[in-house]
file structure05.cif (mmCIF, C-alpha atoms)
data_protein
loop_
_atom_site.label_atom_id
_atom_site.label_comp_id
_atom_site.auth_asym_id
_atom_site.auth_seq_id
_atom_site.Cartn_x
_atom_site.Cartn_y
_atom_site.Cartn_z
CA MET F 1 -76.77 59.64 -30.19
CA PHE F 2 -73.12 58.78 -30.64
CA TRP F 3 -72.11 62.40 -30.20
CA SER F 4 -74.19 62.67 -27.04
CA ALA F 5 -72.42 59.68 -25.49
CA ALA F 6 -69.04 61.14 -26.41
CA LEU F 7 -69.94 64.49 -24.88
CA ALA F 8 -71.13 62.76 -21.70
CA ALA F 9 -67.86 60.87 -21.43
CA ASP F 10 -65.84 64.01 -21.87
CA SER F 11 -67.87 65.80 -19.25
CA THR F 12 -66.93 63.24 -16.44
CA PRO F 13 -64.16 64.56 -14.07
CA ARG F 14 -60.66 62.92 -14.30
CA PRO F 15 -58.16 62.75 -11.41
CA SER F 16 -55.10 64.82 -11.94
CA SER F 17 -51.65 63.21 -12.09
CA LEU F 18 -50.63 64.99 -8.89
CA ASP F 19 -53.49 63.47 -6.97
CA GLU F 20 -52.71 60.00 -8.31
CA ALA F 21 -49.05 60.27 -7.32
CA GLN F 22 -49.98 61.45 -3.87
CA ARG F 23 -52.35 58.55 -3.44
CA THR F 24 -49.69 56.07 -4.55
CA ALA F 25 -47.16 57.57 -2.16
CA ASN F 26 -49.62 57.35 0.68
CA ASP F 27 -50.29 53.71 -0.10
CA ALA F 28 -46.57 52.93 -0.22
CA ALA F 29 -45.93 54.75 3.02
CA GLY F 30 -48.73 52.83 4.65
CA TRP F 31 -47.38 49.52 3.36
CA VAL F 32 -43.89 50.35 4.60
CA GLU F 33 -45.29 51.45 7.95
CA GLU F 34 -47.15 48.18 8.25
CA ASN F 35 -44.17 45.94 7.29
CA TRP F 36 -41.11 47.78 8.57
CA SER F 37 -41.22 45.91 11.83
CA VAL F 38 -41.19 42.57 9.97
CA TRP F 39 -38.26 43.69 7.85
CA LEU F 40 -36.36 44.89 10.85
CA SER F 41 -36.96 41.69 12.78
CA ASN F 42 -35.99 39.50 9.78
CA GLY F 43 -32.87 41.54 9.14
CA LEU F 44 -31.81 41.29 12.76
CA ARG F 45 -32.48 37.55 12.72
CA ILE F 46 -30.37 37.08 9.57
CA ILE F 47 -27.51 39.12 11.02
CA LEU F 48 -27.70 37.18 14.27
CA ILE F 49 -27.67 33.85 12.42
CA ILE F 50 -24.61 34.84 10.37
CA VAL F 51 -22.75 36.12 13.42
CA ILE F 52 -23.50 32.97 15.41
CA ALA F 53 -22.46 30.73 12.48
CA VAL F 54 -19.18 32.55 11.92
CA ALA F 55 -18.37 32.58 15.64
CA ALA F 56 -19.24 28.89 16.06
CA ARG F 57 -17.17 27.92 13.02
CA SER F 58 -14.17 29.91 14.27
CA LEU F 59 -14.37 28.47 17.77
CA ILE F 60 -14.76 24.87 16.60
CA ARG F 61 -11.90 25.15 14.09
CA ARG F 62 -9.67 26.71 16.75
CA ALA F 63 -10.54 23.96 19.21
CA ILE F 64 -9.74 21.27 16.63
CA THR F 65 -6.41 22.94 15.80
CA LYS F 66 -5.42 23.10 19.48
CA LEU F 67 -6.37 19.45 19.94
CA ILE F 68 -4.21 18.40 16.99
CA ALA F 69 -1.29 20.51 18.24
CA ARG F 70 -1.57 18.93 21.67
CA MET F 71 -1.55 15.44 20.14
CA ASN F 72 1.59 16.33 18.17
CA ARG F 73 3.36 17.66 21.28
CA THR F 74 2.52 14.46 23.15
CA ALA F 75 3.89 12.36 20.30
CA GLN F 76 7.13 14.37 20.21
CA GLY F 77 7.51 14.05 23.97
CA ILE F 78 7.44 10.23 23.93
CA ASP F 79 9.41 9.82 20.71
CA GLY F 80 12.79 8.18 21.35
CA THR F 81 11.81 6.70 24.71
CA ALA F 82 11.00 3.11 25.62
CA LEU F 83 7.30 3.93 25.57
CA GLY F 84 7.65 5.65 22.23
CA SER F 85 9.25 2.56 20.74
CA LEU F 86 6.14 0.57 21.58
CA LEU F 87 3.89 3.15 19.94
CA VAL F 88 3.81 4.60 16.45
CA ASN F 89 6.47 7.15 15.58
CA ALA F 90 5.98 10.89 15.82
CA GLU F 91 5.78 11.51 12.08
CA ARG F 92 3.05 8.93 11.69
CA ARG F 93 1.06 10.42 14.54
CA ARG F 94 1.58 13.92 13.17
CA GLN F 95 0.34 13.10 9.69
CA ARG F 96 -2.57 11.09 11.01
CA SER F 97 -3.60 13.87 13.39
CA GLU F 98 -3.27 16.50 10.65
CA ALA F 99 -5.44 14.45 8.31
CA ILE F 100 -8.07 13.89 10.98
CA GLY F 101 -7.98 17.61 11.87
CA SER F 102 -8.48 18.57 8.23
CA VAL F 103 -11.45 16.25 7.90
CA LEU F 104 -13.02 17.49 11.14
CA ARG F 105 -12.56 21.14 10.20
CA SER F 106 -14.10 20.60 6.78
CA VAL F 107 -17.06 18.69 8.18
CA ALA F 108 -17.65 21.31 10.89
CA SER F 109 -17.52 24.17 8.38
CA PHE F 110 -19.90 22.40 6.00
CA LEU F 111 -22.45 21.60 8.69
CA ILE F 112 -22.39 25.03 10.36
CA MET F 113 -22.46 27.14 7.21
CA GLY F 114 -24.97 24.86 5.49
CA THR F 115 -27.33 25.02 8.44
CA ALA F 116 -26.97 28.81 8.63
CA SER F 117 -27.73 29.20 4.91
CA LEU F 118 -30.88 27.10 5.15
CA THR F 119 -32.00 29.06 8.22
CA VAL F 120 -31.53 32.38 6.41
CA LEU F 121 -33.57 31.13 3.45
CA SER F 122 -36.35 30.03 5.76
CA VAL F 123 -36.39 33.48 7.41
CA LEU F 124 -36.80 35.04 3.95
CA LYS F 125 -39.89 32.86 3.39
CA ILE F 126 -38.26 30.98 0.50
CA ASN F 127 -39.65 27.54 -0.20
CA LEU F 128 -36.79 25.12 0.38
CA ALA F 129 -38.46 22.02 -1.06
CA PRO F 130 -37.58 22.71 -4.74
CA LEU F 131 -34.11 23.85 -3.76
CA LEU F 132 -33.42 20.72 -1.74
CA ALA F 133 -34.82 18.53 -4.52
CA SER F 134 -32.57 20.23 -7.08
CA ALA F 135 -29.57 19.90 -4.79
CA GLY F 136 -30.33 16.22 -4.28
CA VAL F 137 -30.51 15.58 -8.03
CA ALA F 138 -27.29 17.54 -8.61
CA GLY F 139 -25.58 15.63 -5.81
CA VAL F 140 -26.59 12.29 -7.32
CA ALA F 141 -25.33 13.36 -10.75
CA ILE F 142 -22.01 14.57 -9.34
CA GLY F 143 -21.71 11.38 -7.31
CA PHE F 144 -22.13 9.20 -10.40
CA GLY F 145 -19.71 11.32 -12.41
CA ALA F 146 -17.02 11.42 -9.72
CA ARG F 147 -17.70 8.09 -8.04
CA ASN F 148 -14.02 7.08 -8.11
CA LEU F 149 -13.02 10.33 -6.40
CA VAL F 150 -15.74 9.92 -3.78
CA THR F 151 -14.71 6.30 -3.21
CA ASP F 152 -11.05 7.29 -2.76
CA PHE F 153 -11.97 10.06 -0.34
CA LEU F 154 -14.27 7.94 1.81
CA SER F 155 -11.77 5.06 1.87
CA GLY F 156 -9.02 7.44 2.94
CA VAL F 157 -11.17 8.88 5.73
CA PHE F 158 -11.94 5.45 7.17
CA MET F 159 -8.34 4.26 6.81
CA ILE F 160 -7.13 7.25 8.80
CA LEU F 161 -9.86 7.07 11.45
CA GLU F 162 -9.35 3.32 11.94
CA ASP F 163 -5.54 3.71 11.90
CA GLN F 164 -5.09 0.84 9.48
CA TYR F 165 -1.57 2.00 8.63
CA GLY F 166 0.61 5.06 8.98
CA VAL F 167 3.94 6.61 8.04
CA GLY F 168 6.79 4.17 8.54
CA ASP F 169 4.67 1.02 8.34
CA GLU F 170 5.68 -1.81 6.05
CA VAL F 171 2.47 -2.75 4.23
CA ASP F 172 1.30 -5.03 1.44
CA ALA F 173 -1.52 -3.21 -0.36
CA GLY F 174 -2.06 -5.87 -3.00
CA VAL F 175 -1.22 -3.57 -5.92
CA ALA F 176 2.09 -2.51 -4.32
CA THR F 177 4.32 -3.35 -1.37
CA GLY F 178 6.61 -1.00 0.51
CA THR F 179 7.06 1.47 3.35
CA VAL F 180 4.39 4.14 3.83
CA ILE F 181 5.88 7.62 3.43
CA GLU F 182 2.65 9.66 3.22
CA VAL F 183 -1.02 9.04 3.90
CA GLY F 184 -3.59 11.27 2.21
CA LEU F 185 -7.36 11.30 1.88
CA ARG F 186 -7.16 10.23 -1.76
CA VAL F 187 -3.68 8.75 -2.38
CA THR F 188 -1.20 6.78 -0.26
CA LYS F 189 2.52 6.92 -1.12
CA LEU F 190 4.64 3.78 -0.69
CA ARG F 191 8.43 3.48 -1.01
CA GLY F 192 9.27 0.16 -2.69
CA ALA F 193 12.24 -2.08 -1.98
CA ASN F 194 14.11 -0.72 -5.02
CA GLY F 195 13.41 2.90 -4.05
CA ALA F 196 10.43 3.46 -6.36
CA ILE F 197 7.54 5.55 -5.02
CA TRP F 198 4.11 3.99 -5.58
CA TYR F 199 1.02 6.20 -5.62
CA VAL F 200 -1.87 3.97 -4.58
CA ARG F 201 -5.43 5.28 -4.73
CA ASN F 202 -7.24 4.50 -1.50
CA GLY F 203 -10.32 3.29 -3.36
CA GLU F 204 -8.28 0.59 -5.14
CA VAL F 205 -6.99 -0.97 -1.93
CA LYS F 206 -9.06 -4.09 -1.24
CA ARG F 207 -6.84 -5.53 1.47
CA ILE F 208 -3.98 -4.33 3.63
CA GLY F 209 -1.27 -6.48 5.17
CA ASN F 210 0.48 -4.37 7.83
CA LEU F 211 3.82 -5.86 8.81
CA SER F 212 4.54 -3.16 11.41
CA GLN F 213 1.65 -3.56 13.85
CA GLY F 214 1.48 -5.79 16.90
CA TRP F 215 4.65 -7.88 16.77
CA ALA F 216 6.88 -9.71 14.31
CA MET F 217 8.49 -13.15 14.34
CA ALA F 218 12.19 -13.69 13.62
CA GLU F 219 12.98 -17.21 12.35
CA VAL F 220 16.46 -18.68 11.90
CA ASP F 221 17.23 -22.14 10.51
CA VAL F 222 20.50 -23.68 11.75
CA THR F 223 21.89 -26.58 9.69
CA LEU F 224 23.96 -29.08 11.69
CA ARG F 225 25.72 -32.29 10.73
CA TYR F 226 23.79 -35.48 11.22
CA ASP F 227 26.16 -36.92 13.84
CA GLU F 228 26.25 -33.84 16.15
CA ASP F 229 24.86 -33.93 19.70
CA LEU F 230 21.49 -32.16 19.38
CA ASP F 231 20.98 -31.64 23.12
CA ARG F 232 24.34 -29.91 23.40
CA ALA F 233 23.59 -27.83 20.30
CA ARG F 234 20.20 -26.82 21.75
CA ALA F 235 21.84 -25.60 24.97
CA VAL F 236 24.47 -23.60 23.07
CA ILE F 237 21.87 -21.94 20.81
CA ALA F 238 19.58 -21.09 23.75
CA THR F 239 22.50 -19.56 25.66
CA ALA F 240 23.46 -17.41 22.68
CA GLY F 241 19.86 -16.18 22.38
CA GLU F 242 19.64 -15.33 26.08
CA GLU F 243 22.88 -13.33 25.99
CA MET F 244 21.69 -11.44 22.93
CA ALA F 245 18.34 -10.56 24.56
CA LYS F 246 20.17 -9.02 27.55
CA GLU F 247 22.29 -6.62 25.50
CA ALA F 248 21.28 -3.23 24.11
CA PRO F 249 19.66 -2.45 21.75
CA TRP F 250 18.30 -5.98 21.38
CA THR F 251 16.75 -5.94 24.84
CA GLU F 252 14.03 -3.58 23.51
CA ARG F 253 13.65 -5.26 20.13
CA ILE F 254 13.24 -8.82 21.41
CA TRP F 255 9.94 -9.12 23.25
CA ALA F 256 10.08 -12.81 24.19
CA PRO F 257 12.85 -15.31 24.98
CA VAL F 258 14.59 -16.93 22.03
CA GLU F 259 13.12 -20.41 21.63
CA VAL F 260 14.64 -23.49 19.99
CA MET F 261 11.57 -25.01 18.38
CA GLY F 262 13.22 -28.31 17.38
CA LEU F 263 14.08 -30.11 14.18
CA ASP F 264 12.55 -28.62 11.07
CA SER F 265 13.94 -31.23 8.66
CA VAL F 266 16.21 -34.30 8.69
CA THR F 267 18.29 -35.62 5.80
CA LEU F 268 20.91 -38.36 5.45
CA ASP F 269 23.83 -36.02 6.15
CA SER F 270 22.37 -32.98 8.04
CA VAL F 271 19.56 -31.72 10.28
CA VAL F 272 17.90 -28.27 10.41
CA VAL F 273 17.06 -26.70 13.79
CA ARG F 274 14.37 -23.96 13.83
CA VAL F 275 14.95 -20.96 16.18
CA GLN F 276 12.26 -18.30 16.76
CA ALA F 277 12.02 -15.00 18.64
CA LYS F 278 9.11 -12.54 18.98
CA THR F 279 10.35 -9.06 18.11
CA MET F 280 9.23 -5.48 17.79
CA PRO F 281 7.33 -4.76 14.54
CA GLY F 282 9.68 -4.04 11.67
CA CYS F 283 12.76 -5.39 13.50
CA ALA F 284 12.56 -9.07 12.56
CA ALA F 285 15.12 -8.88 9.75
CA GLY F 286 17.76 -7.20 11.93
CA VAL F 287 17.20 -9.64 14.78
CA GLU F 288 17.56 -12.59 12.40
CA ARG F 289 20.89 -11.35 11.05
CA GLU F 290 22.34 -10.72 14.51
CA LEU F 291 21.03 -14.05 15.81
CA ARG F 292 22.66 -15.97 12.96
CA TRP F 293 25.95 -14.20 13.68
CA ARG F 294 25.91 -15.07 17.39
CA ILE F 295 24.76 -18.67 16.86
CA LYS F 296 27.56 -19.27 14.36
CA GLN F 297 30.18 -17.91 16.77
CA ALA F 298 28.80 -19.90 19.70
CA LEU F 299 28.73 -23.18 17.77
CA ASP F 300 32.26 -22.65 16.45
CA ALA F 301 33.50 -21.95 19.98
CA GLN F 302 32.04 -25.27 21.20
CA GLY F 303 33.33 -27.27 18.24
CA ILE F 304 29.88 -28.04 16.86
CA ARG F 305 30.05 -28.38 13.13
CA MET F 306 27.45 -26.73 10.93
CA GLY F 307 26.29 -27.68 7.47
CA ALA F 308 26.46 -30.95 5.57
CA PRO F 309 29.76 -32.86 5.25
CA LEU F 310 31.92 -31.92 2.32
CA PRO F 311 31.80 -34.36 -0.60
CA ALA F 312 34.72 -36.82 -0.85
CA ALA F 313 37.54 -36.05 -3.28
CA PRO F 314 37.10 -37.87 -6.60
CA GLN F 315 39.46 -40.87 -7.04
CA GLU F 316 41.86 -41.11 -9.99
CA GLU F 317 40.44 -43.00 -12.90
CA LEU F 318 42.18 -46.38 -13.54
CA THR F 319 43.41 -47.18 -17.02
CA PRO F 320 41.22 -49.94 -18.41
CA LEU F 321 42.90 -53.23 -19.53
CA THR F 322 43.58 -53.46 -23.23
CA ASP F 323 41.53 -56.10 -24.98
CA ALA F 324 43.56 -57.92 -27.66
CA SER F 325 40.46 -58.65 -29.65
CA ALA F 326 39.48 -55.00 -29.75
CA ASN F 327 41.80 -54.33 -32.71
CA VAL F 328 40.80 -57.48 -34.61
CA ALA F 329 38.54 -56.78 -37.54
CA ALA F 330 35.29 -58.57 -37.87
CA PRO F 331 35.33 -61.70 -40.10
CA SER F 332 34.64 -60.93 -43.74
CA ALA F 333 33.72 -63.06 -46.70
CA LEU F 334 36.45 -61.36 -48.73
CA ASN F 335 39.13 -63.06 -46.60
CA ASN F 336 38.20 -66.43 -48.15
CA PRO F 337 39.56 -66.56 -51.76
CA ALA F 338 37.17 -69.37 -52.59
CA SER F 339 34.08 -67.44 -51.65
CA PRO F 340 31.91 -66.05 -54.45
CA GLN F 341 32.42 -62.52 -53.06
CA ALA F 342 36.22 -62.84 -53.27
CA GLN F 343 36.03 -64.30 -56.78
CA ALA F 344 33.71 -61.51 -57.87
CA THR F 345 36.29 -58.98 -56.79
CA THR F 346 39.21 -60.74 -58.61
CA PRO F 347 40.41 -58.51 -61.46
CA ILE F 348 40.01 -59.81 -65.04
CA PRO F 349 43.45 -60.83 -66.52
CA ALA F 350 44.72 -58.66 -69.35
CA VAL F 351 44.81 -60.08 -72.99
CA PRO F 352 48.46 -60.54 -74.18
CA ALA F 353 49.59 -58.38 -77.10
CA PRO F 354 50.28 -60.17 -80.55
CA ALA F 355 53.89 -61.01 -81.44
CA PRO F 356 55.57 -58.52 -83.78
CA VAL F 357 55.87 -59.56 -87.49
CA PRO F 358 59.49 -59.84 -88.78
CA PRO F 359 60.38 -57.55 -91.70
CA GLY F 360 60.06 -59.08 -95.15
CA ALA F 361 57.52 -61.65 -94.12
CA THR F 362 54.31 -61.84 -96.03
CA LEU F 363 51.02 -62.63 -94.69
CA GLY F 364 49.26 -65.53 -96.13
CA LYS F 365 45.77 -65.53 -97.23
#

call {"tool": "encode", "arguments": {"input": "structure05.cif", "output": "structure tokens"}}
result
Amino acid sequence: MFWSAALAADSTPRPSSLDEAQRTANDAAGWVEENWSVWLSNGLRIILIIVIAVAARSLIRRAITKLIARMNRTAQGIDGTALGSLLVNAERRRQRSEAIGSVLRSVASFLIMGTASLTVLSVLKINLAPLLASAGVAGVAIGFGARNLVTDFLSGVFMILEDQYGVGDEVDAGVATGTVIEVGLRVTKLRGANGAIWYVRNGEVKRIGNLSQGWAMAEVDVTLRYDEDLDRARAVIATAGEEMAKEAPWTERIWAPVEVMGLDSVTLDSVVVRVQAKTMPGCAAGVERELRWRIKQALDAQGIRMGAPLPAAPQEELTPLTDASANVAAPSALNNPASPQAQATTPIPAVPAPAPVPPGATLGK
């Protein structure tokens, strides 16, 4: 029975290898014929997406570059004029515009190319949910690992966009104070008073005191003698301030009339008069020095004395009268010979020596 089953199995016809290959080729050709239109359409869509993304990225980056160049040309055109003195300087505007342009170009490239990549993946029928989940987890991990770098970058972006400070500004950043020489997305460079360069991370800056925005106040204290005519001194100081405000270059640096505020302090021998003037940002120190110079000359010309009176010359010291009793010794018990102390100090008298014995004399018993 076993042999009969084996013979029956051997007697069944088997397809030849040539027929099987032909059938497989026909199936493949049919599958390609059915799907070639889908492949062609998807390929054309992918090529179109890439071309559009590259063209849009190039156009947007070129537009941003032209906008930044135009801003720089405008800043250079007004630099050195009266209007330019009221605005930020050209270098500050240039660096700020370059930083903003760099941020805008990076953001535009990221958005355009990221959107194009996701669109291509969707055309290829790839499930984006796991990919986006993995990217989200990776982004969170990178954010925790480089949180200081991300904090510095975001702080720098907002500082530049809000124009909190720029090149040439005198700022107090808390951790350092000085003149801004470079503003970056991660680090700000400050030039200190002694010439040192401070590299301040933007994420570490908790507060900013900008001494170069808006306006500044120049304050001068004038010390006069107590007996001077204050009304006359006020008129002389006000006249000196008015003349200074009318002369170049102080006419652009002083933004309000010089005011004599009044007495700041009064002492027994002098008074202090406070003088103020609103100035251009960053020019208060120079205005104060020039104002002191002119006030001193004006007061000297009118005979108004400044400062406290000089101290009187010291008088010659008189020789004190000689006291006769100063050289007299204090009474002592030893001065009285009858006192027990004097008797105790009296030396004991010496015992007289025996008389010499003459030769030949005998001593008796």

call {"tool": "atom_distance", "arguments": {"input": "structure05.cif", "atom1": "CA of Leu111 (chain F)", "atom2": "CA of Ile60 (chain F)"}}
result
11.5 Å

call {"tool": "resolve_selection", "arguments": {"input": "structure05.cif", "expression": "the PyMOL selection byres ((chain F and resi 67) around 12)", "output": "list of chain:residue names"}}
result
F:Ile60, F:Arg61, F:Arg62, F:Ala63, F:Ile64, F:Thr65, F:Lys66, F:Ile68, F:Ala69, F:Arg70, F:Met71, F:Asn72, F:Arg73, F:Thr74, F:Arg94, F:Ser97, F:Glu98, F:Ile100, F:Gly101, F:Ser102, F:Leu104, F:Arg105

call {"tool": "atom_distance", "arguments": {"input": "structure05.cif", "atom1": "CA of Glu252 (chain F)", "atom2": "CA of Arg191 (chain F)"}}
result
26.1 Å

call {"tool": "resolve_selection", "arguments": {"input": "structure05.cif", "expression": "the PyMOL selection byres ((chain F and resi 262-270) around 7)", "output": "list in words"}}
result
Thr223, Leu224, Arg225, Tyr226, Val260, Met261, Val271, Val272, Val273, Arg274, Gly307, Ala308 and Pro309 of chain F

call {"tool": "closest_residue", "arguments": {"input": "structure05.cif", "among": "F:Ile197, F:Val167, F:Leu118, F:Ala256", "to": "Ile49 (chain F)", "atoms": "all atoms listed in the file"}}
result
F:Leu118

call {"tool": "resolve_selection", "arguments": {"input": "structure05.cif", "expression": "the PyMOL selection byres ((chain F and resi 239) around 12)", "output": "list in words"}}
result
Arg232, Ala233, Arg234, Ala235, Val236, Ile237, Ala238, Ala240, Gly241, Glu242, Glu243, Met244, Ala245, Lys246, Pro257, Val258, Glu259, Val260, Leu291, Arg294, Ile295, Gln297, Ala298, Leu299 and Gln302 of chain F

call {"tool": "atom_distance", "arguments": {"input": "structure05.cif", "atom1": "CA of Glu288 (chain F)", "atom2": "CA of Asn210 (chain F)"}}
result
19.5 Å

call {"tool": "closest_residue", "arguments": {"input": "structure05.cif", "among": "F:Met306, F:Ala284, F:Ala193, F:Ile160", "to": "Val220 (chain F)", "atoms": "only C-alpha atoms"}}
result
F:Ala284

call {"tool": "closest_residue", "arguments": {"input": "structure05.cif", "among": "F:Val120, F:Phe110, F:Ile304, F:Ile142", "to": "Ala56 (chain F)", "atoms": "only C-alpha atoms"}}
result
F:Phe110

call {"tool": "closest_residue", "arguments": {"input": "structure05.cif", "among": "F:Ala248, F:Ala176, F:Ala218, F:Val107", "to": "Ala277 (chain F)", "atoms": "all atoms listed in the file"}}
result
F:Ala218

call {"tool": "residues_around", "arguments": {"input": "structure05.cif", "residues": "region 180-184 of chain F", "least_positions_apart": "6", "cutoff": "7 Å", "atoms": "all atoms listed in the file", "output": "PDB file with C-alpha atoms, in the frame of the given file"}}
result
ATOM      1  CA  GLY F 156      -9.020   7.440   2.940  1.00  0.00           C
ATOM      2  CA  GLY F 166       0.610   5.060   8.980  1.00  0.00           C
ATOM      3  CA  VAL F 167       3.940   6.610   8.040  1.00  0.00           C
ATOM      4  CA  GLY F 168       6.790   4.170   8.540  1.00  0.00           C
ATOM      5  CA  ASP F 169       4.670   1.020   8.340  1.00  0.00           C
ATOM      6  CA  GLU F 170       5.680  -1.810   6.050  1.00  0.00           C
ATOM      7  CA  LEU F 190       4.640   3.780  -0.690  1.00  0.00           C
ATOM      8  CA  ARG F 191       8.430   3.480  -1.010  1.00  0.00           C
TER       9      ARG F 191
END

call {"tool": "closest_residue", "arguments": {"input": "structure05.cif", "among": "F:Val205, F:Leu230, F:Met217, F:Met113", "to": "Val275 (chain F)", "atoms": "all atoms listed in the file"}}
result
F:Met217

call {"tool": "residues_around", "arguments": {"input": "structure05.cif", "residues": "Arg253 (chain F)", "least_positions_apart": "3", "cutoff": "8 Å", "atoms": "all atoms listed in the file", "output": "ChimeraX atom specification"}}
result
/F:249-250,279-280,283,287

call {"tool": "write_last_selection", "arguments": {"input": "structure05.cif", "atoms": "C-alpha atoms", "output": "CSV table (one decimal), in the coordinates of the input"}}
result
chain,number,residue,atom,x,y,z
F,249,PRO,CA,19.7,-2.4,21.8
F,250,TRP,CA,18.3,-6.0,21.4
F,279,THR,CA,10.4,-9.1,18.1
F,280,MET,CA,9.2,-5.5,17.8
F,283,CYS,CA,12.8,-5.4,13.5
F,287,VAL,CA,17.2,-9.6,14.8

call {"tool": "axis_aligned_box", "arguments": {"input": "structure05.cif", "around": "region 269-287 of chain F", "padding_each_side": "6 Å", "output": "AutoDock Vina command-line options"}}
result
--center_x 15.6 --center_y -20.0 --center_z 12.6 --size_x 28.5 --size_y 44.0 --size_z 24.8

call {"tool": "residues_around", "arguments": {"input": "structure05.cif", "residues": "region 123-138 of chain F", "least_positions_apart": "4", "cutoff": "10 Å", "atoms": "all atoms listed in the file", "output": "PyMOL selection string"}}
result
chain F and resi 39+41-43+45-46+117-119+142-144

call {"tool": "closest_residue", "arguments": {"input": "structure05.cif", "among": "F:Thr188, F:Asp221, F:Ala196, F:Pro281", "to": "Lys296 (chain F)", "atoms": "all atoms listed in the file"}}
result
F:Asp221

call {"tool": "residues_around", "arguments": {"input": "structure05.cif", "residues": "region 52-54 of chain F", "least_positions_apart": "3", "cutoff": "9 Å", "atoms": "all atoms listed in the file", "output": "list in words"}}
result
Ile47, Leu48, Ile49, Arg57, Ser58, Leu59, Ile112, Met113, Thr115 and Ala116 of chain F

call {"tool": "decode", "arguments": {"input": "structure05.cif", "residues": "region 226-245 of chain F", "atoms": "C-alpha atoms", "output": "CSV table (one decimal), in the first residue's frame"}}
result
chain,number,residue,atom,x,y,z
F,226,TYR,CA,28.1,130.9,54.5
F,227,ASP,CA,28.1,134.7,54.2
F,228,GLU,CA,27.8,134.9,50.3
F,229,ASP,CA,24.7,136.4,48.6
F,230,LEU,CA,22.8,133.3,47.5
F,231,ASP,CA,20.5,135.2,45.1
F,232,ARG,CA,23.5,136.7,43.3
F,233,ALA,CA,25.2,133.3,43.2
F,234,ARG,CA,22.1,131.7,41.7
F,235,ALA,CA,22.0,134.3,38.9
F,236,VAL,CA,25.6,133.8,38.1
F,237,ILE,CA,25.3,130.0,38.0
F,238,ALA,CA,22.2,130.1,35.8
F,239,THR,CA,23.9,132.5,33.4
F,240,ALA,CA,26.9,130.2,33.1
F,241,GLY,CA,24.6,127.3,32.4
F,242,GLU,CA,22.7,129.2,29.7
F,243,GLU,CA,25.8,130.2,27.9
F,244,MET,CA,27.1,126.7,28.0
F,245,ALA,CA,23.9,125.3,26.5
